[in-house]
Amino acid sequence: MSGNHIISVLVENKSGVLAKISGLFSRRGFNIESLAVGPTEDEKISRITIVVNAEIHSLEQVVKQLYKLINVIKIQELDPSNIVERELVLIKVNADNSTRAEILEIVDIFRANIVDVAKKSLSIEITGNSRKIQGIEELLQPYGILELVRTGKIALSRGSKK
């Protein structure tokens with residue numbers, strides 16, 4: 001089955017580990033849709049969250065190769081129906097006196113935050129799942145999105161730690 005897969009990889013927090021992992025995906029011809037890396041509750045361990053569009057069989061091969069890397073501790077494919085996922089996005093949008101109130105209304109509806117105000121633009125911070133992010137982007141598009149940056153998806157399985 002082809003589609004987006006969310007892979008959570010726990011690794012030793014050492015330099016070069018991310019390069020090895022992303023290189024493995026690259027060598028196999030995978031395009032990484034999203035990549036987020038950060039420390040965990042243990043400072044010696046980092047979590048890499050990778051979203052990749054792939055056939056399940058091909059992905060299984062890459063996961064087997066990931067396990068061979070010395071700094072990899074644990075790999076888990078996350079079930080999209082049983083996760084908590086978030087992404088942080090900053091959006092700079094055209095906003096003059098005639099459109100500012102409308103944009104502020106959209107920001108309020110999506111529980112986003114204004115993080116910078118300029119004469120002709122607003123910078124908005126929003127966190128949420130992919131549908132929420134896509135929704136606000138679509139509503140802000142007619143005003144003119146000047147810049148947009150996304151962190152990439154981060155995700156955890158629901159419930160107790162296994």
# chains A, B, ... in the order shown; residues from 1 in each chain; ligands from 1
>>> select_by_dssp(residues="region 59-105 of chain A", states="strand (DSSP E or B)", output="list in words")
Val72, Ile73, Lys74, Ile75, Gln76, Glu77, Leu78, Ile83, Val84, Glu85, Arg86, Glu87, Leu88, Val89, Leu90, Ile91, Lys92, Val93 and Asn94 of chain A
>>> write_last_selection(atoms="N, CA and C atoms", output="PDB file, in the first residue's frame")
ATOM      1  N   VAL A  72      20.873   3.720  16.177  1.00  0.00           N
ATOM      2  CA  VAL A  72      19.417   3.590  16.205  1.00  0.00           C
ATOM      3  C   VAL A  72      19.007   2.694  17.373  1.00  0.00           C
ATOM      4  N   ILE A  73      18.098   3.199  18.208  1.00  0.00           N
ATOM      5  CA  ILE A  73      17.641   2.466  19.385  1.00  0.00           C
ATOM      6  C   ILE A  73      16.315   1.757  19.128  1.00  0.00           C
ATOM      7  N   LYS A  74      15.355   2.484  18.560  1.00  0.00           N
ATOM      8  CA  LYS A  74      14.020   1.922  18.346  1.00  0.00           C
ATOM      9  C   LYS A  74      13.360   2.613  17.161  1.00  0.00           C
ATOM     10  N   ILE A  75      12.614   1.835  16.383  1.00  0.00           N
ATOM     11  CA  ILE A  75      11.873   2.367  15.243  1.00  0.00           C
ATOM     12  C   ILE A  75      10.428   1.919  15.385  1.00  0.00           C
ATOM     13  N   GLN A  76       9.524   2.854  15.131  1.00  0.00           N
ATOM     14  CA  GLN A  76       8.101   2.532  15.219  1.00  0.00           C
ATOM     15  C   GLN A  76       7.357   3.247  14.102  1.00  0.00           C
ATOM     16  N   GLU A  77       6.562   2.484  13.321  1.00  0.00           N
ATOM     17  CA  GLU A  77       5.661   3.147  12.381  1.00  0.00           C
ATOM     18  C   GLU A  77       4.407   3.474  13.159  1.00  0.00           C
ATOM     19  N   LEU A  78       4.050   4.752  13.163  1.00  0.00           N
ATOM     20  CA  LEU A  78       2.905   5.201  13.940  1.00  0.00           C
ATOM     21  C   LEU A  78       1.617   5.032  13.145  1.00  0.00           C
ATOM     22  N   ILE A  83      -2.706   8.354  17.001  1.00  0.00           N
ATOM     23  CA  ILE A  83      -1.597   9.241  17.379  1.00  0.00           C
ATOM     24  C   ILE A  83      -2.116  10.625  17.734  1.00  0.00           C
ATOM     25  N   VAL A  84      -1.253  11.343  18.421  1.00  0.00           N
ATOM     26  CA  VAL A  84      -1.420  12.774  18.607  1.00  0.00           C
ATOM     27  C   VAL A  84      -0.332  13.398  17.747  1.00  0.00           C
ATOM     28  N   GLU A  85      -0.745  14.238  16.800  1.00  0.00           N
ATOM     29  CA  GLU A  85       0.231  14.860  15.904  1.00  0.00           C
ATOM     30  C   GLU A  85       0.072  16.369  15.929  1.00  0.00           C
ATOM     31  N   ARG A  86       1.170  17.054  15.776  1.00  0.00           N
ATOM     32  CA  ARG A  86       1.161  18.512  15.721  1.00  0.00           C
ATOM     33  C   ARG A  86       2.241  18.984  14.764  1.00  0.00           C
ATOM     34  N   GLU A  87       2.014  20.194  14.300  1.00  0.00           N
ATOM     35  CA  GLU A  87       2.990  20.875  13.465  1.00  0.00           C
ATOM     36  C   GLU A  87       2.905  22.346  13.832  1.00  0.00           C
ATOM     37  N   LEU A  88       4.019  23.026  13.829  1.00  0.00           N
ATOM     38  CA  LEU A  88       4.064  24.465  14.077  1.00  0.00           C
ATOM     39  C   LEU A  88       4.300  25.154  12.745  1.00  0.00           C
ATOM     40  N   VAL A  89       3.502  26.201  12.494  1.00  0.00           N
ATOM     41  CA  VAL A  89       3.626  26.943  11.244  1.00  0.00           C
ATOM     42  C   VAL A  89       3.649  28.434  11.545  1.00  0.00           C
ATOM     43  N   LEU A  90       4.525  29.141  10.874  1.00  0.00           N
ATOM     44  CA  LEU A  90       4.535  30.601  10.892  1.00  0.00           C
ATOM     45  C   LEU A  90       4.125  31.074   9.501  1.00  0.00           C
ATOM     46  N   ILE A  91       3.136  31.977   9.461  1.00  0.00           N
ATOM     47  CA  ILE A  91       2.621  32.481   8.191  1.00  0.00           C
ATOM     48  C   ILE A  91       2.654  34.007   8.227  1.00  0.00           C
ATOM     49  N   LYS A  92       3.318  34.604   7.241  1.00  0.00           N
ATOM     50  CA  LYS A  92       3.278  36.060   7.093  1.00  0.00           C
ATOM     51  C   LYS A  92       2.308  36.364   5.961  1.00  0.00           C
ATOM     52  N   VAL A  93       1.290  37.187   6.264  1.00  0.00           N
ATOM     53  CA  VAL A  93       0.229  37.452   5.311  1.00  0.00           C
ATOM     54  C   VAL A  93       0.056  38.952   5.104  1.00  0.00           C
ATOM     55  N   ASN A  94      -0.273  39.344   3.873  1.00  0.00           N
ATOM     56  CA  ASN A  94      -0.606  40.740   3.593  1.00  0.00           C
ATOM     57  C   ASN A  94      -1.765  41.160   4.481  1.00  0.00           C
TER      58      ASN A  94
END
>>> residues_around(residues="region 8-23 of chain A", least_positions_apart="4", cutoff="10 Å", atoms="only C-alpha atoms", output="ChimeraX atom specification")
/A:27-32,35-40,42-51,62-63,65-67,69-78,154-157
>>> residues_around(residues="Ile103 (chain A)", least_positions_apart="4", cutoff="9 Å", atoms="only C-alpha atoms", output="PDB file with N, CA and C atoms, in the first residue's frame")
ATOM      1  N   VAL A  93       1.290  37.187   6.264  1.00  0.00           N
ATOM      2  CA  VAL A  93       0.229  37.452   5.311  1.00  0.00           C
ATOM      3  C   VAL A  93       0.056  38.952   5.104  1.00  0.00           C
ATOM      4  N   ALA A  95      -1.641  42.320   5.120  1.00  0.00           N
ATOM      5  CA  ALA A  95      -2.728  42.811   5.971  1.00  0.00           C
ATOM      6  C   ALA A  95      -2.653  44.326   6.034  1.00  0.00           C
ATOM      7  N   THR A  99      -8.152  44.860   5.487  1.00  0.00           N
ATOM      8  CA  THR A  99      -8.259  43.401   5.641  1.00  0.00           C
ATOM      9  C   THR A  99      -7.858  42.892   7.022  1.00  0.00           C
ATOM     10  N   VAL A 107      -7.754  34.197  12.477  1.00  0.00           N
ATOM     11  CA  VAL A 107      -6.762  33.801  13.478  1.00  0.00           C
ATOM     12  C   VAL A 107      -7.460  33.358  14.765  1.00  0.00           C
ATOM     13  N   ASP A 108      -8.459  34.097  15.180  1.00  0.00           N
ATOM     14  CA  ASP A 108      -9.198  33.777  16.394  1.00  0.00           C
ATOM     15  C   ASP A 108      -9.946  32.448  16.260  1.00  0.00           C
ATOM     16  N   LEU A 122       0.896  40.764   8.787  1.00  0.00           N
ATOM     17  CA  LEU A 122       0.781  40.119  10.097  1.00  0.00           C
ATOM     18  C   LEU A 122       1.521  38.794  10.019  1.00  0.00           C
ATOM     19  N   LEU A 139      -7.810  29.687   3.914  1.00  0.00           N
ATOM     20  CA  LEU A 139      -8.548  30.912   4.207  1.00  0.00           C
ATOM     21  C   LEU A 139      -7.675  32.164   4.096  1.00  0.00           C
ATOM     22  N   LEU A 140      -6.378  32.021   4.351  1.00  0.00           N
ATOM     23  CA  LEU A 140      -5.483  33.181   4.262  1.00  0.00           C
ATOM     24  C   LEU A 140      -4.962  33.426   2.848  1.00  0.00           C
ATOM     25  N   TYR A 143      -5.715  36.633   0.821  1.00  0.00           N
ATOM     26  CA  TYR A 143      -5.120  37.886   1.303  1.00  0.00           C
ATOM     27  C   TYR A 143      -3.680  38.045   0.826  1.00  0.00           C
TER      28      TYR A 143
END
>>> atom_distance(atom1="CA of Asn129 (chain A)", atom2="CA of Gly3 (chain A)")
17.4 Å
>>> closest_residue(among="A:Ser121, A:Ser58, A:Asn4, A:Thr151", to="Arg100 (chain A)", atoms="only C-alpha atoms")
A:Ser121
>>> closest_residue(among="A:Lys153, A:Ile109, A:Gly135, A:Lys119", to="His5 (chain A)", atoms="only C-alpha atoms")
A:Lys153
>>> closest_residue(among="A:Ser160, A:Val115, A:Gly144, A:Arg150", to="Thr127 (chain A)", atoms="only C-alpha atoms")
A:Arg150
